[in-house]
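A.B. asks: To be precise about what I am sending: the file is called entry-v6.cif and holds mmCIF, C-alpha atoms and all ligand atoms.
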data_data
loop_
_atom_site.label_atom_id
_atom_site.label_comp_id
_atom_site.auth_asym_id
_atom_site.auth_seq_id
_atom_site.Cartn_x
_atom_site.Cartn_y
_atom_site.Cartn_z
CA MET V 995 23.20 28.87 -39.54
CA GLU V 996 25.07 25.83 -38.14
CA CYS V 997 26.53 28.08 -35.51
CA CYS V 998 23.04 29.17 -34.45
CA ILE V 999 21.84 25.57 -34.12
CA ALA V 1000 24.91 24.63 -32.08
CA SER V 1001 24.49 27.56 -29.68
CA ALA V 1002 20.76 26.81 -29.35
CA LEU V 1003 21.65 23.25 -28.44
CA TRP V 1004 24.17 24.46 -25.88
CA CYS V 1005 21.43 26.58 -24.32
CA LEU V 1006 18.96 23.72 -24.32
CA ILE V 1007 21.27 21.33 -22.45
CA PRO V 1008 21.42 23.41 -19.24
CA LEU V 1009 17.70 24.04 -19.55
CA TYR V 1010 17.10 20.29 -19.84
CA LEU V 1011 19.31 19.63 -16.82
CA LEU V 1012 17.57 22.38 -14.86
CA VAL V 1013 14.15 20.87 -15.56
CA HIS V 1014 15.40 17.48 -14.37
CA LEU V 1015 16.88 19.02 -11.25
CA LEU V 1016 13.59 20.75 -10.47
CA CYS V 1017 11.72 17.50 -11.10
CA PHE V 1018 14.05 15.73 -8.71
CA MET V 1019 13.55 18.39 -6.05
CA PHE V 1020 9.77 18.42 -6.18
CA ALA V 1021 8.86 14.92 -7.35
CA ASP V 1022 7.64 12.10 -5.16
CA ALA V 1023 9.32 9.41 -7.23
CA ASP V 1024 12.50 8.60 -9.15
CA PHE V 1025 12.87 9.43 -12.86
CA THR V 1026 11.99 5.95 -14.06
CA LEU V 1027 8.68 6.01 -12.24
CA LEU V 1028 7.93 9.57 -13.26
CA TRP V 1029 8.56 8.67 -16.87
CA ALA V 1030 6.40 5.56 -16.54
CA SER V 1031 3.61 7.61 -14.97
CA VAL V 1032 3.65 9.91 -18.02
CA THR V 1033 4.10 7.33 -20.76
CA GLY V 1034 2.81 4.09 -19.19
CA HIS V 1035 -0.62 2.51 -19.47
CA ARG V 1036 -3.40 4.29 -17.62
CA PRO V 1037 -4.84 2.09 -14.83
CA GLU V 1038 -8.34 3.11 -15.88
CA THR V 1039 -8.10 0.93 -18.99
CA LYS V 1040 -6.15 -1.96 -17.50
CA LEU V 1041 -8.24 -2.46 -14.37
CA LYS V 1042 -11.74 -2.49 -15.87
CA SER V 1043 -13.66 -5.69 -14.98
CA LEU V 1044 -10.71 -7.24 -13.16
CA VAL V 1045 -11.53 -8.95 -9.87
CA VAL V 1046 -9.55 -7.30 -7.08
CA TRP V 1047 -9.46 -8.49 -3.46
CA VAL V 1048 -8.47 -5.68 -1.07
CA THR V 1049 -7.67 -6.46 2.56
CA GLY V 1050 -7.84 -3.65 5.10
CA ALA V 1051 -10.59 -2.11 2.97
CA SER V 1052 -12.59 -0.67 5.86
CA SER V 1053 -10.54 2.53 6.20
CA GLY V 1054 -7.55 4.58 5.08
CA ILE V 1055 -5.52 3.45 2.09
CA GLY V 1056 -7.64 0.33 1.54
CA GLU V 1057 -10.84 2.35 1.45
CA GLU V 1058 -9.36 4.84 -1.00
CA LEU V 1059 -8.02 2.01 -3.18
CA ALA V 1060 -11.47 0.40 -3.24
CA HIS V 1061 -12.99 3.73 -4.19
CA GLN V 1062 -10.56 4.34 -7.04
CA LEU V 1063 -10.69 0.75 -8.29
CA ALA V 1064 -14.49 0.97 -8.39
CA ARG V 1065 -14.21 4.09 -10.52
CA CYS V 1066 -11.93 2.14 -12.85
CA GLY V 1067 -14.63 -0.54 -13.18
CA SER V 1068 -12.90 -3.29 -11.20
CA ARG V 1069 -15.08 -5.83 -9.41
CA LEU V 1070 -14.22 -5.88 -5.74
CA ILE V 1071 -13.88 -8.14 -2.74
CA LEU V 1072 -13.64 -5.96 0.35
CA SER V 1073 -12.12 -7.47 3.50
CA ALA V 1074 -11.32 -6.34 7.03
CA ARG V 1075 -12.79 -7.19 10.43
CA ARG V 1076 -15.50 -4.48 10.67
CA GLU V 1077 -18.37 -5.56 8.45
CA ASP V 1078 -20.40 -2.36 9.00
CA GLU V 1079 -17.47 -0.25 7.81
CA LEU V 1080 -16.99 -2.53 4.79
CA ASN V 1081 -20.64 -2.04 3.89
CA ARG V 1082 -20.18 1.72 4.18
CA VAL V 1083 -17.19 1.51 1.82
CA LYS V 1084 -19.20 -0.69 -0.56
CA HIS V 1085 -21.98 1.90 -0.77
CA ARG V 1086 -19.45 4.65 -1.31
CA CYS V 1087 -17.95 2.61 -4.16
CA LEU V 1088 -21.38 1.96 -5.71
CA ASP V 1089 -22.22 5.67 -5.51
CA CYS V 1090 -19.11 6.74 -7.41
CA SER V 1091 -19.10 4.06 -10.14
CA ASN V 1092 -21.21 2.12 -12.61
CA LEU V 1093 -20.81 -1.07 -10.59
CA GLN V 1094 -23.87 -3.04 -9.53
CA ASP V 1095 -24.51 -4.44 -6.06
CA GLU V 1096 -23.35 -7.92 -7.13
CA ASP V 1097 -20.02 -6.53 -8.38
CA ILE V 1098 -18.81 -5.92 -4.82
CA LEU V 1099 -18.52 -8.70 -2.28
CA VAL V 1100 -18.11 -7.77 1.36
CA LEU V 1101 -16.07 -10.56 2.94
CA PRO V 1102 -15.23 -9.96 6.61
CA LEU V 1103 -11.82 -11.35 7.45
CA ASP V 1104 -9.46 -11.35 10.42
CA LEU V 1105 -5.87 -11.63 9.23
CA LEU V 1106 -4.98 -13.15 12.61
CA GLU V 1107 -7.41 -16.05 12.20
CA ARG V 1108 -5.27 -18.04 9.85
CA THR V 1109 -7.43 -21.16 10.06
CA SER V 1110 -10.27 -19.23 8.40
CA HIS V 1111 -8.21 -18.07 5.42
CA GLU V 1112 -8.69 -21.18 3.26
CA GLU V 1113 -12.47 -20.86 3.55
CA LYS V 1114 -12.38 -17.09 2.90
CA ALA V 1115 -10.25 -17.53 -0.21
CA LYS V 1116 -12.59 -20.28 -1.44
CA THR V 1117 -15.61 -17.99 -0.95
CA ALA V 1118 -13.91 -15.14 -2.79
CA ILE V 1119 -12.86 -17.35 -5.71
CA GLN V 1120 -16.25 -19.05 -6.00
CA TYR V 1121 -18.14 -15.75 -5.98
CA PHE V 1122 -16.46 -14.28 -9.07
CA GLY V 1123 -14.94 -17.50 -10.47
CA HIS V 1124 -11.40 -16.17 -10.10
CA ILE V 1125 -9.22 -13.45 -8.57
CA ASP V 1126 -7.05 -11.24 -10.78
CA ILE V 1127 -5.39 -9.09 -8.14
CA LEU V 1128 -4.86 -9.49 -4.41
CA ILE V 1129 -3.98 -6.29 -2.58
CA ASN V 1130 -2.48 -7.12 0.81
CA ASN V 1131 -3.15 -3.88 2.62
CA GLY V 1132 -4.50 -4.75 6.09
CA GLY V 1133 -2.12 -4.07 8.95
CA ARG V 1134 -1.25 -2.02 12.01
CA SER V 1135 1.62 0.22 12.91
CA GLN V 1136 3.54 0.90 16.13
CA ARG V 1137 4.48 3.96 18.14
CA SER V 1138 6.77 2.99 21.01
CA LEU V 1139 10.42 2.96 21.90
CA CYS V 1140 12.15 -0.40 21.70
CA LEU V 1141 13.34 -0.31 25.30
CA GLU V 1142 9.78 0.23 26.55
CA THR V 1143 8.05 -2.28 24.28
CA SER V 1144 6.94 -5.74 25.35
CA VAL V 1145 8.05 -8.68 23.18
CA ASP V 1146 4.34 -9.57 22.93
CA VAL V 1147 3.88 -6.44 20.82
CA TYR V 1148 6.62 -7.59 18.45
CA GLN V 1149 4.94 -10.97 18.18
CA ALA V 1150 1.55 -9.36 17.49
CA LEU V 1151 3.03 -7.16 14.75
CA MET V 1152 4.65 -10.12 13.04
CA GLU V 1153 1.48 -12.22 13.40
CA LEU V 1154 -0.65 -9.54 11.77
CA ASN V 1155 1.51 -7.70 9.25
CA PHE V 1156 3.74 -10.59 8.21
CA LEU V 1157 2.11 -13.98 8.89
CA GLY V 1158 -1.46 -12.81 8.23
CA THR V 1159 -0.38 -11.44 4.86
CA VAL V 1160 1.69 -14.53 4.02
CA SER V 1161 -1.24 -16.77 4.92
CA ILE V 1162 -3.74 -15.01 2.62
CA THR V 1163 -1.11 -14.76 -0.11
CA LYS V 1164 -0.48 -18.51 -0.05
CA LYS V 1165 -4.19 -19.30 -0.46
CA VAL V 1166 -4.55 -16.94 -3.41
CA LEU V 1167 -1.21 -17.89 -4.96
CA THR V 1168 -2.31 -21.53 -5.25
CA HIS V 1169 -5.30 -20.33 -7.26
CA MET V 1170 -3.18 -17.99 -9.41
CA THR V 1171 -0.53 -20.61 -10.21
CA ARG V 1172 -3.28 -23.03 -11.30
CA ARG V 1173 -4.72 -20.29 -13.49
CA GLY V 1174 -1.29 -19.18 -14.69
CA SER V 1175 -1.90 -15.49 -14.09
CA GLY V 1176 -2.58 -12.90 -11.44
CA SER V 1177 -1.05 -10.10 -9.51
CA ILE V 1178 -0.25 -9.86 -5.81
CA VAL V 1179 0.33 -6.34 -4.56
CA THR V 1180 1.45 -5.78 -0.99
CA VAL V 1181 1.27 -2.46 0.76
CA SER V 1182 4.58 -2.42 2.55
CA SER V 1183 5.98 0.90 3.74
CA LEU V 1184 8.94 3.18 3.65
CA ALA V 1185 9.59 1.46 6.99
CA GLY V 1186 9.99 -1.77 5.00
CA LEU V 1187 13.05 -0.26 3.31
CA ALA V 1188 14.58 1.93 5.97
CA GLY V 1189 14.58 2.02 9.75
CA VAL V 1190 12.07 4.33 11.43
CA PRO V 1191 12.24 5.41 15.08
CA LEU V 1192 9.36 4.32 17.36
CA SER V 1193 8.57 1.56 14.87
CA THR V 1194 11.14 -1.18 15.40
CA GLY V 1195 8.54 -3.96 15.33
CA TYR V 1196 6.48 -2.42 12.53
CA SER V 1197 9.58 -1.80 10.46
CA ALA V 1198 10.76 -5.39 11.07
CA SER V 1199 7.40 -6.77 9.96
CA LYS V 1200 7.49 -4.70 6.77
CA HIS V 1201 11.14 -5.67 6.10
CA ALA V 1202 10.03 -9.28 6.51
CA LEU V 1203 7.35 -8.71 3.86
CA GLN V 1204 9.94 -7.22 1.50
CA GLY V 1205 12.17 -10.27 1.96
CA PHE V 1206 9.28 -12.68 1.52
CA PHE V 1207 7.92 -11.11 -1.65
CA ASN V 1208 11.34 -10.45 -3.22
CA SER V 1209 12.13 -14.14 -2.73
CA LEU V 1210 8.71 -15.27 -3.92
CA ARG V 1211 9.15 -13.22 -7.10
CA ASN V 1212 12.36 -15.13 -7.78
CA GLU V 1213 10.62 -18.45 -7.16
CA LEU V 1214 7.98 -17.67 -9.75
CA THR V 1215 10.23 -17.41 -12.79
CA ASP V 1216 8.24 -20.26 -14.39
CA SER V 1217 5.04 -18.26 -13.99
CA PRO V 1218 5.85 -15.03 -15.83
CA ASN V 1219 2.22 -13.92 -15.76
CA ILE V 1220 2.08 -13.82 -12.00
CA LEU V 1221 3.27 -10.43 -10.86
CA ILE V 1222 4.53 -9.76 -7.36
CA SER V 1223 4.69 -6.11 -6.33
CA THR V 1224 5.37 -4.23 -3.16
CA VAL V 1225 4.34 -0.63 -2.73
CA CYS V 1226 6.21 1.45 -0.19
CA PRO V 1227 4.31 4.59 0.72
CA GLY V 1228 5.59 7.31 2.97
CA PRO V 1229 3.26 8.86 5.55
CA VAL V 1230 -0.41 8.85 4.58
CA GLN V 1231 -3.14 10.42 6.65
CA SER V 1232 -5.36 7.60 7.95
CA GLN V 1233 -6.36 5.80 11.14
CA ILE V 1234 -2.94 4.14 11.29
CA VAL V 1235 -1.53 6.20 14.15
CA HIS V 1236 -4.73 5.97 16.14
CA ASN V 1237 -4.71 2.16 15.77
CA ALA V 1238 -0.99 1.73 16.33
CA PHE V 1239 0.44 -0.74 18.83
CA THR V 1240 2.27 0.88 21.74
CA GLU V 1241 4.43 -0.47 24.58
CA GLU V 1242 1.88 -3.03 25.75
CA LEU V 1243 -0.60 -5.11 23.78
CA ASN V 1244 -3.71 -3.57 25.30
CA LYS V 1245 -2.53 0.01 25.46
CA CYS V 1246 -4.01 2.21 22.75
CA GLN V 1247 -2.16 4.96 20.99
CA GLY V 1248 -5.25 7.15 20.79
CA ASN V 1249 -4.80 10.51 19.18
CA VAL V 1250 -1.27 11.22 20.38
CA ASP V 1251 0.94 11.38 17.32
CA ARG V 1252 4.55 10.73 18.28
CA THR V 1253 5.55 10.82 14.62
CA THR V 1254 5.73 14.58 15.03
CA ALA V 1255 9.22 13.86 16.33
CA LEU V 1256 10.29 13.19 12.73
CA PRO V 1257 11.21 16.43 10.97
CA PRO V 1258 9.68 16.64 7.47
CA VAL V 1259 13.06 17.12 5.87
CA LEU V 1260 14.22 13.71 7.12
CA LEU V 1261 11.13 12.07 5.74
CA ARG V 1262 11.65 13.79 2.42
CA LEU V 1263 15.23 12.58 2.22
CA ALA V 1264 14.23 9.06 3.19
CA VAL V 1265 11.57 9.06 0.50
CA ARG V 1266 14.02 10.25 -2.12
CA SER V 1267 16.59 7.62 -1.31
CA HIS V 1268 14.39 4.72 -2.34
CA ILE V 1269 13.33 3.96 -5.82
CA CYS V 1270 10.24 1.84 -5.38
CA LEU V 1271 7.93 4.58 -4.21
CA ALA V 1272 4.72 5.21 -6.01
CA PRO V 1273 4.48 8.53 -7.80
CA ASN V 1274 1.87 10.32 -5.82
CA GLU V 1275 0.40 13.69 -5.27
CA LEU V 1276 1.84 15.11 -2.11
CA ASP V 1277 -0.12 17.70 -0.31
CA GLU V 1278 2.46 18.95 2.05
CA GLN V 1279 1.16 21.06 4.85
CA GLU V 1280 4.01 22.26 6.91
CA LYS V 1281 2.81 23.20 10.37
CA GLY V 1282 5.91 23.78 12.39
CA ALA V 1283 7.57 20.42 12.91
CA GLU V 1284 4.42 18.46 12.13
CA LEU V 1285 4.51 15.42 9.95
CA GLN V 1286 3.71 15.99 6.32
CA SER V 1287 0.74 14.11 5.07
CA TRP V 1288 -0.49 12.64 1.84
CA SER V 1289 -4.04 13.80 1.61
CA GLY V 1290 -4.61 12.30 -1.83
CA CYS V 1291 -3.68 8.68 -2.35
CA ARG V 1292 -3.64 8.02 -6.09
CA LEU V 1293 -4.02 4.47 -7.27
CA CYS V 1294 -0.62 3.17 -8.26
CA ILE V 1295 0.31 -0.45 -8.66
CA LEU V 1296 4.01 -1.10 -9.13
CA HIS V 1297 5.38 -4.21 -10.76
N1 LIG K 1301 -0.78 5.48 6.75
C1 LIG K 1301 0.50 5.44 6.55
O1 LIG K 1301 1.22 6.39 6.84
C2 LIG K 1301 1.12 4.22 5.92
C3 LIG K 1301 2.39 4.32 5.36
C4 LIG K 1301 2.97 3.22 4.78
C5 LIG K 1301 2.29 2.02 4.76
N2 LIG K 1301 1.05 1.93 5.31
C6 LIG K 1301 0.39 0.63 5.29
O2 LIG K 1301 -0.85 0.77 4.65
C7 LIG K 1301 -1.74 -0.23 5.11
C8 LIG K 1301 -3.08 0.41 5.45
O3 LIG K 1301 -2.90 1.33 6.51
P1 LIG K 1301 -3.79 2.65 6.69
O4 LIG K 1301 -2.86 3.79 6.76
O5 LIG K 1301 -4.88 2.69 5.71
O6 LIG K 1301 -4.34 2.41 8.18
P2 LIG K 1301 -5.82 2.18 8.73
O7 LIG K 1301 -6.71 3.28 8.29
O8 LIG K 1301 -5.67 1.93 10.21
O9 LIG K 1301 -6.29 0.85 8.01
C9 LIG K 1301 -5.85 -0.41 8.42
C10 LIG K 1301 -6.75 -1.45 7.85
O10 LIG K 1301 -6.29 -2.75 8.28
C11 LIG K 1301 -7.37 -3.48 8.79
N3 LIG K 1301 -6.96 -4.41 9.82
C12 LIG K 1301 -6.34 -4.14 11.00
N4 LIG K 1301 -6.20 -5.27 11.72
C13 LIG K 1301 -6.74 -6.27 10.99
C14 LIG K 1301 -6.91 -7.66 11.18
N5 LIG K 1301 -6.53 -8.28 12.31
N6 LIG K 1301 -7.50 -8.39 10.21
C15 LIG K 1301 -7.94 -7.79 9.08
N7 LIG K 1301 -7.81 -6.49 8.83
C16 LIG K 1301 -7.22 -5.73 9.77
C17 LIG K 1301 -8.32 -2.41 9.36
O11 LIG K 1301 -9.67 -2.85 9.35
P3 LIG K 1301 -10.47 -3.45 10.62
O12 LIG K 1301 -10.08 -2.67 11.81
O13 LIG K 1301 -11.91 -3.27 10.22
O14 LIG K 1301 -10.10 -4.90 10.68
C18 LIG K 1301 -8.19 -1.31 8.32
O15 LIG K 1301 -9.05 -1.53 7.24
C19 LIG K 1301 -1.05 -0.89 6.30
O16 LIG K 1301 -0.50 -2.12 5.90
C20 LIG K 1301 0.04 0.06 6.66
O17 LIG K 1301 1.13 -0.58 7.25
C21 LIG K 1301 0.44 3.00 5.88
#
Would you write the structure of this file as structure tokens?
C.D. replies:
Amino acid sequence: MECCIASALWCLIPLYLLVHLLCFMFADADFTLLWASVTGHRPETKLKSLVVWVTGASSGIGEELAHQLARCGSRLILSARREDELNRVKHRCLDCSNLQDEDILVLPLDLLERTSHEEKAKTAIQYFGHIDILINNGGRSQRSLCLETSVDVYQALMELNFLGTVSITKKVLTHMTRRGSGSIVTVSSLAGLAGVPLSTGYSASKHALQGFFNSLRNELTDSPNILISTVCPGPVQSQIVHNAFTEELNKCQGNVDRTTALPPVLLRLAVRSHICLAPNELDEQEKGAELQSWSGCRLCILH
């Protein structure tokens, strides 16, 4: 009998290792995150009624976040420059949730207009009385070779992705430290952890965000209820390439996608090599050497 149990155990060990190997090959996250996604709290219960301010909410990841947060019952402040698009997103959120009109505030905001940020934060705080979560998502990417890119483009990327985000964060952080709680989530990028060709300025701006928020987290040891998180997605299908900076400030990227130069296998390896990626549902459509895309962006807030 003992012999049978021992041999069964010996069979189970390779099986266990095989399952882990398969998980590692097909997963979009490391084991710790995968385990947390199975056993951790469901966002649906934690996010209900919380007040969440999403920047860059007029399209792409920000729009999808707003949509999913609304379904979780969070009250929303939606910000970006295009008010008409924000209103469209608001109506989409109302349609898919039990939220009422007054549960979603559309607050147009230009991340580059730093002098307006104090007033915007005040409006947001006064409307709901407080802010539980700030999601720093607004930003633009870049598609141009370093040697061909004007320094003005680098400045613009830092002004928007780094300083714009820092500015809004500081306004909300003051409120959160007074309150003693809150969560600041910043949508960084895989390019904030590793270098990406054609994106030297974008990658630098996202690395700057990583450095800023990692340091801020260490500064806030006396405020254990203020959580600082960065989320580092890989490629997600959105308007990001269309809106990307190129060699010159006023030159649009349009629909030309130079990311096709990156073979999927490299992206996959880059994703695997970093541990702070959100577990997500990859819908990989391999079309020759085309970039793989995330068609479904599941809500995932990392702490
Ligand atoms: N898509 C990806 O592959 C990917 C991967 C990793 C990380 N990310 C990050 O995810 C975030 C969202 O990108 P996305 O893919 O959703 O791209 P997107 O569809 O182009 O969305 C960008 C958002 O940022 C807003 N924005 C741009 N400039 C702004 C400004 N000056 N002031 C305020 N808001 C501004 C845009 O709204 P308005 O034009 O209305 O202002 C829009 O809502 C970005 O931070 C990006 O770096 C994206």
A.B. asks: Calculated over only C-alpha atoms and all ligand atoms, which of the candidates V:Thr1168, V:Ser1175, V:Ser1135, V:Ser1193 has the smallest distance to ligand LIG 1301 (chain K)?
C.D. replies: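 Comparing V:Thr1168, V:Ser1175, V:Ser1135, V:Ser1193 against ligand LIG 1301 (chain K), the winner is V:Ser1135.
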A.B. asks: Could you give me, as a PDB file with C-alpha atoms, keeping the file's coordinate frame, every polymer residue with an atom at most 6 Å away from an atom of ligand LIG 1301 (chain K), counting only C-alpha atoms and all ligand atoms?
C.D. replies:
ATOM      1  CA  GLY V1050      -7.840  -3.650   5.100  1.00  0.00           C
ATOM      2  CA  ALA V1051     -10.590  -2.110   2.970  1.00  0.00           C
ATOM      3  CA  SER V1052     -12.590  -0.670   5.860  1.00  0.00           C
ATOM      4  CA  SER V1053     -10.540   2.530   6.200  1.00  0.00           C
ATOM      5  CA  GLY V1054      -7.550   4.580   5.080  1.00  0.00           C
ATOM      6  CA  ILE V1055      -5.520   3.450   2.090  1.00  0.00           C
ATOM      7  CA  GLY V1056      -7.640   0.330   1.540  1.00  0.00           C
ATOM      8  CA  ALA V1074     -11.320  -6.340   7.030  1.00  0.00           C
ATOM      9  CA  ARG V1075     -12.790  -7.190  10.430  1.00  0.00           C
ATOM     10  CA  ARG V1076     -15.500  -4.480  10.670  1.00  0.00           C
ATOM     11  CA  LEU V1103     -11.820 -11.350   7.450  1.00  0.00           C
ATOM     12  CA  ASP V1104      -9.460 -11.350  10.420  1.00  0.00           C
ATOM     13  CA  LEU V1105      -5.870 -11.630   9.230  1.00  0.00           C
ATOM     14  CA  LEU V1106      -4.980 -13.150  12.610  1.00  0.00           C
ATOM     15  CA  ASN V1131      -3.150  -3.880   2.620  1.00  0.00           C
ATOM     16  CA  GLY V1132      -4.500  -4.750   6.090  1.00  0.00           C
ATOM     17  CA  GLY V1133      -2.120  -4.070   8.950  1.00  0.00           C
ATOM     18  CA  ARG V1134      -1.250  -2.020  12.010  1.00  0.00           C
ATOM     19  CA  SER V1135       1.620   0.220  12.910  1.00  0.00           C
ATOM     20  CA  VAL V1181       1.270  -2.460   0.760  1.00  0.00           C
ATOM     21  CA  SER V1182       4.580  -2.420   2.550  1.00  0.00           C
ATOM     22  CA  SER V1183       5.980   0.900   3.740  1.00  0.00           C
ATOM     23  CA  PRO V1227       4.310   4.590   0.720  1.00  0.00           C
ATOM     24  CA  GLY V1228       5.590   7.310   2.970  1.00  0.00           C
ATOM     25  CA  PRO V1229       3.260   8.860   5.550  1.00  0.00           C
ATOM     26  CA  VAL V1230      -0.410   8.850   4.580  1.00  0.00           C
ATOM     27  CA  GLN V1231      -3.140  10.420   6.650  1.00  0.00           C
ATOM     28  CA  SER V1232      -5.360   7.600   7.950  1.00  0.00           C
ATOM     29  CA  GLN V1233      -6.360   5.800  11.140  1.00  0.00           C
ATOM     30  CA  ILE V1234      -2.940   4.140  11.290  1.00  0.00           C
ATOM     31  CA  ASN V1237      -4.710   2.160  15.770  1.00  0.00           C
TER      32      ASN V1237
END
A.B. asks: Skip segment 1123-1128 of chain V itself and residues of its chain fewer than 6 positions away, then list as a PyMOL selection string all residues within 6 Å of it, counting all atoms listed in the file.
C.D. replies: chain V and resi 1044-1047+1176-1178
A.B. asks: Considering all atoms listed in the file, state which residue in the set V:His1169, V:Arg1137, V:Lys1245, V:Arg1086 is at the smallest distance from Lys1116 of chain V.
C.D. replies: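 Among V:His1169, V:Arg1137, V:Lys1245, V:Arg1086, it is V:His1169 that comes nearest to Lys1116 of chain V.
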A.B. asks: May I have the residues at most 12 Å from (0.5, -14.1, -1.0) in the file's coordinates, counting all atoms listed in the file, as a ChimeraX atom specification?
C.D. replies: /V:1047,1049,1111,1115,1127-1131,1156-1171,1176-1181,1203-1204,1206-1211,1220-1224
A.B. asks: Please produce an output containing C-alpha atoms for each residue in the selection, written as an mmCIF file, in the frame of the given file.
C.D. replies:
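And here is the file that came out, out-v6.cif:
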data_model
loop_
_atom_site.group_PDB
_atom_site.id
_atom_site.type_symbol
_atom_site.label_atom_id
_atom_site.label_comp_id
_atom_site.auth_asym_id
_atom_site.auth_seq_id
_atom_site.Cartn_x
_atom_site.Cartn_y
_atom_site.Cartn_z
ATOM 1 C CA TRP V 1047 -9.460 -8.490 -3.460
ATOM 2 C CA THR V 1049 -7.670 -6.460 2.560
ATOM 3 C CA HIS V 1111 -8.210 -18.070 5.420
ATOM 4 C CA ALA V 1115 -10.250 -17.530 -0.210
ATOM 5 C CA ILE V 1127 -5.390 -9.090 -8.140
ATOM 6 C CA LEU V 1128 -4.860 -9.490 -4.410
ATOM 7 C CA ILE V 1129 -3.980 -6.290 -2.580
ATOM 8 C CA ASN V 1130 -2.480 -7.120 0.810
ATOM 9 C CA ASN V 1131 -3.150 -3.880 2.620
ATOM 10 C CA PHE V 1156 3.740 -10.590 8.210
ATOM 11 C CA LEU V 1157 2.110 -13.980 8.890
ATOM 12 C CA GLY V 1158 -1.460 -12.810 8.230
ATOM 13 C CA THR V 1159 -0.380 -11.440 4.860
ATOM 14 C CA VAL V 1160 1.690 -14.530 4.020
ATOM 15 C CA SER V 1161 -1.240 -16.770 4.920
ATOM 16 C CA ILE V 1162 -3.740 -15.010 2.620
ATOM 17 C CA THR V 1163 -1.110 -14.760 -0.110
ATOM 18 C CA LYS V 1164 -0.480 -18.510 -0.050
ATOM 19 C CA LYS V 1165 -4.190 -19.300 -0.460
ATOM 20 C CA VAL V 1166 -4.550 -16.940 -3.410
ATOM 21 C CA LEU V 1167 -1.210 -17.890 -4.960
ATOM 22 C CA THR V 1168 -2.310 -21.530 -5.250
ATOM 23 C CA HIS V 1169 -5.300 -20.330 -7.260
ATOM 24 C CA MET V 1170 -3.180 -17.990 -9.410
ATOM 25 C CA THR V 1171 -0.530 -20.610 -10.210
ATOM 26 C CA GLY V 1176 -2.580 -12.900 -11.440
ATOM 27 C CA SER V 1177 -1.050 -10.100 -9.510
ATOM 28 C CA ILE V 1178 -0.250 -9.860 -5.810
ATOM 29 C CA VAL V 1179 0.330 -6.340 -4.560
ATOM 30 C CA THR V 1180 1.450 -5.780 -0.990
ATOM 31 C CA VAL V 1181 1.270 -2.460 0.760
ATOM 32 C CA LEU V 1203 7.350 -8.710 3.860
ATOM 33 C CA GLN V 1204 9.940 -7.220 1.500
ATOM 34 C CA PHE V 1206 9.280 -12.680 1.520
ATOM 35 C CA PHE V 1207 7.920 -11.110 -1.650
ATOM 36 C CA ASN V 1208 11.340 -10.450 -3.220
ATOM 37 C CA SER V 1209 12.130 -14.140 -2.730
ATOM 38 C CA LEU V 1210 8.710 -15.270 -3.920
ATOM 39 C CA ARG V 1211 9.150 -13.220 -7.100
ATOM 40 C CA ILE V 1220 2.080 -13.820 -12.000
ATOM 41 C CA LEU V 1221 3.270 -10.430 -10.860
ATOM 42 C CA ILE V 1222 4.530 -9.760 -7.360
ATOM 43 C CA SER V 1223 4.690 -6.110 -6.330
ATOM 44 C CA THR V 1224 5.370 -4.230 -3.160
#
A.B. asks: Tell me, in Å to one decimal, how far atom CA of Val1147 of chain V is from atom CA of Asn1244 of chain V.
C.D. replies: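 Here the two named atoms are 9.3 Å from each other.
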A.B. asks: Leaving out segment 1008-1015 of chain V and any residue of its chain fewer than 6 positions from it, which residues lie within 12 Å of it when counting only C-alpha atoms, given as a PyMOL selection string?
C.D. replies: chain V and resi 1001-1002+1021+1024-1025+1028-1029
